[in-house]
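> I'd like to ask you about the structure that follows.
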Amino acid sequence: MTAMDIAIRISPDVIAPPAPVASAQTGAVATFLGTIRASENGESIRGLSYEAYQPMAESVMRDILTALAAPHPCQSVLVQHRTGPVLVGETAIYIEVHAAHRAEAFALLAGFMDRLKQDVPIWKTDVIA
């Protein structure tokens, strides 16, 4: 099996999800958009602000994805995470997984999201009221 292609972008730039480009071997493209909702802990908000220790965050993300690819082989994954202020309705994180089969794509995506919040040094630093 060839190694999974991993692309990670952490920046304050607005996330504009690209149109997926699948290969002839791709049978599934799973995407996830994490958007900011209008409340946090029961209080109305205008947005959230994120901060990251970027070199370490990228390294930890790559390690998590590589580990998840062993039981869930996929072709590629793109992760984009915003930093700075992100307003209600805007995308804070976008993930796109390409795989031969949907089960692997869904499992890798779900496993990554579970580990992201507990292991990756990206923090919600402020609620924008």
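Each chain in the structure tokens gets a letter, A, B, ..., in the order shown, and its residues are numbered from 1; ligands are numbered from 1 in order too.
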Skip Val79 in chain A itself and residues of its chain fewer than 5 positions away, then list as a PDB file with C-alpha atoms, in the first residue's frame all residues within 7 Å of it, counting only C-alpha atoms.


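Written out: part25.pdb:
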ATOM      1  CA  ALA A   7      -2.094  18.231   3.350  1.00  0.00           C
ATOM      2  CA  ILE A   8      -2.570  20.468   6.402  1.00  0.00           C
ATOM      3  CA  ARG A   9      -3.224  24.210   6.412  1.00  0.00           C
ATOM      4  CA  TYR A  94     -12.693  21.597   6.767  1.00  0.00           C
ATOM      5  CA  ILE A  95     -11.609  18.004   6.227  1.00  0.00           C
ATOM      6  CA  GLU A  96     -11.683  16.043   2.977  1.00  0.00           C
TER       7      GLU A  96
END

> Which of range 11-105 of chain A counts as helix (DSSP H, G or I) under DSSP, as a ChimeraX atom specification please?

/A:54-69,102-105

> Would you save the residues of that selection, restricted to C-alpha atoms, as a short mmCIF file (atom, residue, chain, number, x, y, z; two decimals), in the first residue's frame?


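This went into part_27.cif:
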data_model
loop_
_atom_site.label_atom_id
_atom_site.label_comp_id
_atom_site.auth_asym_id
_atom_site.auth_seq_id
_atom_site.Cartn_x
_atom_site.Cartn_y
_atom_site.Cartn_z
CA GLN A 54 1.21 25.83 14.47
CA PRO A 55 4.36 23.70 14.04
CA MET A 56 3.31 21.32 16.80
CA ALA A 57 -0.36 21.29 15.70
CA GLU A 58 0.62 20.30 12.16
CA SER A 59 3.00 17.62 13.44
CA VAL A 60 0.42 16.13 15.82
CA MET A 61 -2.27 16.17 13.11
CA ARG A 62 0.10 14.37 10.71
CA ASP A 63 0.93 11.76 13.39
CA ILE A 64 -2.77 11.15 14.15
CA LEU A 65 -3.64 10.80 10.46
CA THR A 66 -0.72 8.46 9.81
CA ALA A 67 -1.73 6.27 12.76
CA LEU A 68 -5.37 6.19 11.64
CA ALA A 69 -4.37 5.25 8.09
CA ARG A 102 -16.65 4.76 2.24
CA ALA A 103 -16.08 2.77 5.45
CA GLU A 104 -12.39 3.72 5.54
CA ALA A 105 -13.09 7.37 4.71
#

> When distances are computed from only C-alpha atoms, which of A:Ala70, A:Leu78, A:Val120, A:Ile45 shows the smallest separation from Pro17 in chain A?

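So, comparing all the options, the nearest one is A:Leu78.
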
> Can you pull out the residues contacting Ala92 in chain A? Cut-off 8 Å, using only C-alpha atoms, and skip same-chain residues under 3 positions away; I want them as a short mmCIF file (atom, residue, chain, number, x, y, z; two decimals) with N, CA and C atoms, in the first residue's frame.


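This is the output file result.cif:
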data_model
loop_
_atom_site.label_atom_id
_atom_site.label_comp_id
_atom_site.auth_asym_id
_atom_site.auth_seq_id
_atom_site.Cartn_x
_atom_site.Cartn_y
_atom_site.Cartn_z
N ILE A 15 -11.91 29.77 4.96
CA ILE A 15 -11.87 28.46 4.31
C ILE A 15 -12.90 28.43 3.19
N LEU A 33 -17.43 19.86 7.44
CA LEU A 33 -17.32 21.29 7.69
C LEU A 33 -17.73 21.54 9.13
N GLY A 34 -16.83 22.07 9.92
CA GLY A 34 -17.16 22.47 11.29
C GLY A 34 -17.41 23.96 11.29
N THR A 35 -18.65 24.35 11.54
CA THR A 35 -19.02 25.77 11.49
C THR A 35 -19.33 26.30 12.90
N ILE A 36 -19.25 27.59 13.04
CA ILE A 36 -19.52 28.23 14.32
C ILE A 36 -21.03 28.43 14.47
N HIS A 81 -7.69 24.35 9.04
CA HIS A 81 -8.22 24.86 10.32
C HIS A 81 -7.91 26.34 10.42
N ARG A 82 -8.91 27.13 10.77
CA ARG A 82 -8.71 28.57 10.90
C ARG A 82 -8.18 28.92 12.27
N THR A 83 -7.47 30.03 12.32
CA THR A 83 -7.07 30.66 13.56
C THR A 83 -7.62 32.08 13.55
N VAL A 86 -13.46 33.72 14.14
CA VAL A 86 -14.32 33.01 13.20
C VAL A 86 -15.75 33.29 13.62
#

> Just the residues within 10 Å of Ser23 in chain A, please, counting only C-alpha atoms, with nothing from its chain fewer than 3 positions along; format it as a list in words.

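Result of the neighbour search: Pro20, Thr26, Gly27, Gln75, His98, Ala99 and Ala100 of chain A.
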
> Just write the chosen residues, N, CA and C atoms, as an mmCIF file, in the first residue's frame.


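Listed below is the output, out_25.cif:
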data_model
loop_
_atom_site.group_PDB
_atom_site.id
_atom_site.type_symbol
_atom_site.label_atom_id
_atom_site.label_comp_id
_atom_site.auth_asym_id
_atom_site.auth_seq_id
_atom_site.Cartn_x
_atom_site.Cartn_y
_atom_site.Cartn_z
ATOM 1 N N PRO A 20 -13.762 18.605 -4.769
ATOM 2 C CA PRO A 20 -12.955 17.379 -4.701
ATOM 3 C C PRO A 20 -12.554 16.896 -6.090
ATOM 4 N N THR A 26 -10.582 6.209 -6.573
ATOM 5 C CA THR A 26 -11.359 6.757 -5.467
ATOM 6 C C THR A 26 -12.815 6.347 -5.595
ATOM 7 N N GLY A 27 -13.324 5.714 -4.544
ATOM 8 C CA GLY A 27 -14.728 5.329 -4.513
ATOM 9 C C GLY A 27 -15.517 6.142 -3.512
ATOM 10 N N GLN A 75 -6.539 7.273 0.598
ATOM 11 C CA GLN A 75 -5.615 7.780 -0.416
ATOM 12 C C GLN A 75 -5.042 9.134 -0.037
ATOM 13 N N HIS A 98 -10.186 11.085 0.885
ATOM 14 C CA HIS A 98 -10.396 10.264 -0.313
ATOM 15 C C HIS A 98 -9.978 8.837 0.009
ATOM 16 N N ALA A 99 -10.834 7.888 -0.368
ATOM 17 C CA ALA A 99 -10.536 6.475 -0.116
ATOM 18 C C ALA A 99 -11.180 5.620 -1.194
ATOM 19 N N ALA A 100 -10.757 4.379 -1.263
ATOM 20 C CA ALA A 100 -11.363 3.444 -2.206
ATOM 21 C C ALA A 100 -12.788 3.097 -1.781
#

> Please list as an NGL selection string every residue within 12 Å of range 46-50 of chain A, counting only C-alpha atoms and excluding residues in the same chain fewer than 4 positions away.

:A and (10-12 or 35-40 or 54 or 81-93 or 121-129)

> Would you save the residues of that selection, restricted to N, CA and C atoms, as a compact mmCIF listing (two decimals), in the first residue's frame?


# COMPACT_ATOMS: atom_id res chain seq x y z
N ILE A 10 -3.09 25.51 8.45
CA ILE A 10 -3.61 26.21 9.62
C ILE A 10 -3.32 27.68 9.39
N SER A 11 -4.37 28.49 9.27
CA SER A 11 -4.16 29.91 8.97
C SER A 11 -5.42 30.70 9.31
N PRO A 12 -5.30 32.03 9.36
CA PRO A 12 -6.47 32.86 9.60
C PRO A 12 -7.33 33.08 8.34
N THR A 35 -18.65 24.35 11.54
CA THR A 35 -19.02 25.77 11.49
C THR A 35 -19.33 26.30 12.90
N ILE A 36 -19.25 27.59 13.04
CA ILE A 36 -19.52 28.23 14.32
C ILE A 36 -21.03 28.43 14.47
N ARG A 37 -21.56 27.91 15.57
CA ARG A 37 -22.99 28.07 15.85
C ARG A 37 -23.20 29.33 16.70
N ALA A 38 -24.44 29.73 16.87
CA ALA A 38 -24.78 31.01 17.49
C ALA A 38 -24.78 31.00 19.01
N SER A 39 -24.42 29.88 19.64
CA SER A 39 -24.38 29.87 21.11
C SER A 39 -23.21 29.02 21.59
N GLU A 40 -22.70 29.38 22.74
CA GLU A 40 -21.62 28.65 23.40
C GLU A 40 -21.98 28.58 24.87
N GLN A 54 1.30 26.38 15.81
CA GLN A 54 1.21 25.83 14.47
C GLN A 54 2.18 24.69 14.16
N HIS A 81 -7.69 24.35 9.04
CA HIS A 81 -8.22 24.86 10.32
C HIS A 81 -7.91 26.34 10.42
N ARG A 82 -8.91 27.13 10.77
CA ARG A 82 -8.71 28.57 10.90
C ARG A 82 -8.18 28.92 12.27
N THR A 83 -7.47 30.03 12.32
CA THR A 83 -7.07 30.66 13.56
C THR A 83 -7.62 32.08 13.55
N GLY A 84 -7.58 32.73 14.71
CA GLY A 84 -8.12 34.07 14.81
C GLY A 84 -9.63 34.03 14.94
N PRO A 85 -10.28 35.18 14.73
CA PRO A 85 -11.74 35.23 14.89
C PRO A 85 -12.47 34.51 13.76
N VAL A 86 -13.46 33.72 14.14
CA VAL A 86 -14.32 33.01 13.20
C VAL A 86 -15.75 33.29 13.62
N LEU A 87 -16.52 33.94 12.77
CA LEU A 87 -17.87 34.38 13.14
C LEU A 87 -18.91 33.28 12.92
N VAL A 88 -20.06 33.46 13.56
CA VAL A 88 -21.17 32.51 13.44
C VAL A 88 -21.46 32.25 11.97
N GLY A 89 -21.60 30.98 11.63
CA GLY A 89 -21.89 30.57 10.26
C GLY A 89 -20.65 30.34 9.41
N GLU A 90 -19.51 30.81 9.86
CA GLU A 90 -18.27 30.59 9.11
C GLU A 90 -17.68 29.23 9.46
N THR A 91 -16.83 28.72 8.58
CA THR A 91 -16.20 27.43 8.76
C THR A 91 -14.91 27.57 9.56
N ALA A 92 -14.79 26.80 10.65
CA ALA A 92 -13.58 26.78 11.46
C ALA A 92 -12.65 25.67 11.02
N ILE A 93 -13.23 24.56 10.53
CA ILE A 93 -12.41 23.44 10.08
C ILE A 93 -13.07 22.75 8.89
N PRO A 121 -2.75 20.99 19.67
CA PRO A 121 -2.67 22.29 20.35
C PRO A 121 -3.29 23.43 19.54
N ILE A 122 -4.63 23.36 19.45
CA ILE A 122 -5.45 24.44 18.89
C ILE A 122 -6.51 24.73 19.94
N TRP A 123 -6.63 26.00 20.33
CA TRP A 123 -7.52 26.34 21.42
C TRP A 123 -8.52 27.43 21.03
N LYS A 124 -9.75 27.30 21.58
CA LYS A 124 -10.69 28.41 21.51
C LYS A 124 -10.22 29.36 22.61
N THR A 125 -9.79 30.54 22.22
CA THR A 125 -9.22 31.46 23.20
C THR A 125 -10.19 32.54 23.65
N ASP A 126 -11.26 32.76 22.90
CA ASP A 126 -12.18 33.82 23.26
C ASP A 126 -13.51 33.60 22.60
N VAL A 127 -14.55 34.00 23.30
CA VAL A 127 -15.89 34.03 22.74
C VAL A 127 -16.14 35.47 22.31
N ILE A 128 -16.59 35.64 21.09
CA ILE A 128 -16.89 36.97 20.57
C ILE A 128 -18.36 37.23 20.84
N ALA A 129 -18.64 38.07 21.82
CA ALA A 129 -20.02 38.33 22.25
C ALA A 129 -20.71 39.33 21.35

> Please run DSSP on the backbone and report, as a CSV table (one decimal) with C-alpha atoms, in the first residue's frame, all residues within chain A that come out as strand (DSSP E).


chain,number,residue,atom,x,y,z
A,5,ASP,CA,-1.1,12.0,0.9
A,6,ILE,CA,-1.6,14.5,3.8
A,7,ALA,CA,-2.1,18.2,3.3
A,8,ILE,CA,-2.6,20.5,6.4
A,9,ARG,CA,-3.2,24.2,6.4
A,10,ILE,CA,-3.6,26.2,9.6
A,11,SER,CA,-4.2,29.9,9.0
A,28,ALA,CA,-15.5,7.7,-1.6
A,29,VAL,CA,-14.9,11.3,-0.8
A,30,ALA,CA,-16.0,12.2,2.8
A,31,THR,CA,-16.0,15.8,3.8
A,32,PHE,CA,-16.6,17.6,7.1
A,33,LEU,CA,-17.3,21.3,7.7
A,34,GLY,CA,-17.2,22.5,11.3
A,35,THR,CA,-19.0,25.8,11.5
A,39,SER,CA,-24.4,29.9,21.1
A,40,GLU,CA,-21.6,28.7,23.4
A,43,GLU,CA,-25.1,32.0,25.7
A,44,SER,CA,-25.6,33.8,22.4
A,47,GLY,CA,-18.1,34.0,17.0
A,48,LEU,CA,-15.1,32.3,18.5
A,49,SER,CA,-11.4,33.0,18.3
A,50,TYR,CA,-8.8,30.2,17.8
A,51,GLU,CA,-5.1,30.1,18.5
A,52,ALA,CA,-2.7,27.4,17.5
A,76,SER,CA,-5.5,11.4,0.8
A,77,VAL,CA,-6.7,13.8,3.4
A,78,LEU,CA,-6.8,17.6,3.4
A,79,VAL,CA,-7.2,19.4,6.8
A,80,GLN,CA,-7.8,23.2,6.9
A,81,HIS,CA,-8.2,24.9,10.3
A,82,ARG,CA,-8.7,28.6,10.9
A,84,GLY,CA,-8.1,34.1,14.8
A,85,PRO,CA,-11.7,35.2,14.9
A,86,VAL,CA,-14.3,33.0,13.2
A,87,LEU,CA,-17.9,34.4,13.1
A,91,THR,CA,-16.2,27.4,8.8
A,92,ALA,CA,-13.6,26.8,11.5
A,93,ILE,CA,-12.4,23.4,10.1
A,94,TYR,CA,-12.7,21.6,6.8
A,95,ILE,CA,-11.6,18.0,6.2
A,96,GLU,CA,-11.7,16.0,3.0
A,97,VAL,CA,-10.8,12.3,2.9
A,98,HIS,CA,-10.4,10.3,-0.3
A,99,ALA,CA,-10.5,6.5,-0.1
A,122,ILE,CA,-5.4,24.4,18.9
A,123,TRP,CA,-7.5,26.3,21.4
A,124,LYS,CA,-10.7,28.4,21.5
A,125,THR,CA,-9.2,31.5,23.2
A,126,ASP,CA,-12.2,33.8,23.3
A,127,VAL,CA,-15.9,34.0,22.7
A,128,ILE,CA,-16.9,37.0,20.6

> Between CA of Cys74 in chain A and CA of Gln25 in chain A, what is the spacing in Å?

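Spanning CA of Gln25 in chain A to CA of Cys74 in chain A is a straight-line distance of 10.7 Å.
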
> Using only C-alpha atoms, which residue out of A:Pro73, A:Ala22, A:Ala3, A:Gly42 lies closest to Leu109 in chain A?

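Nearest candidate to Leu109 in chain A out of A:Pro73, A:Ala22, A:Ala3, A:Gly42: A:Pro73.
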
> Enter the distance from CA of Arg115 in chain A to CA of His72 in chain A, in Å, rounded to one decimal.

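Separation between CA of Arg115 in chain A and CA of His72 in chain A: 14.9 Å.
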
> In Å, rounded to a single decimal, give me how far CA of Met4 in chain A is from CA of Leu108 in chain A.

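CA of Met4 in chain A lies at a distance of 11.5 Å from CA of Leu108 in chain A.
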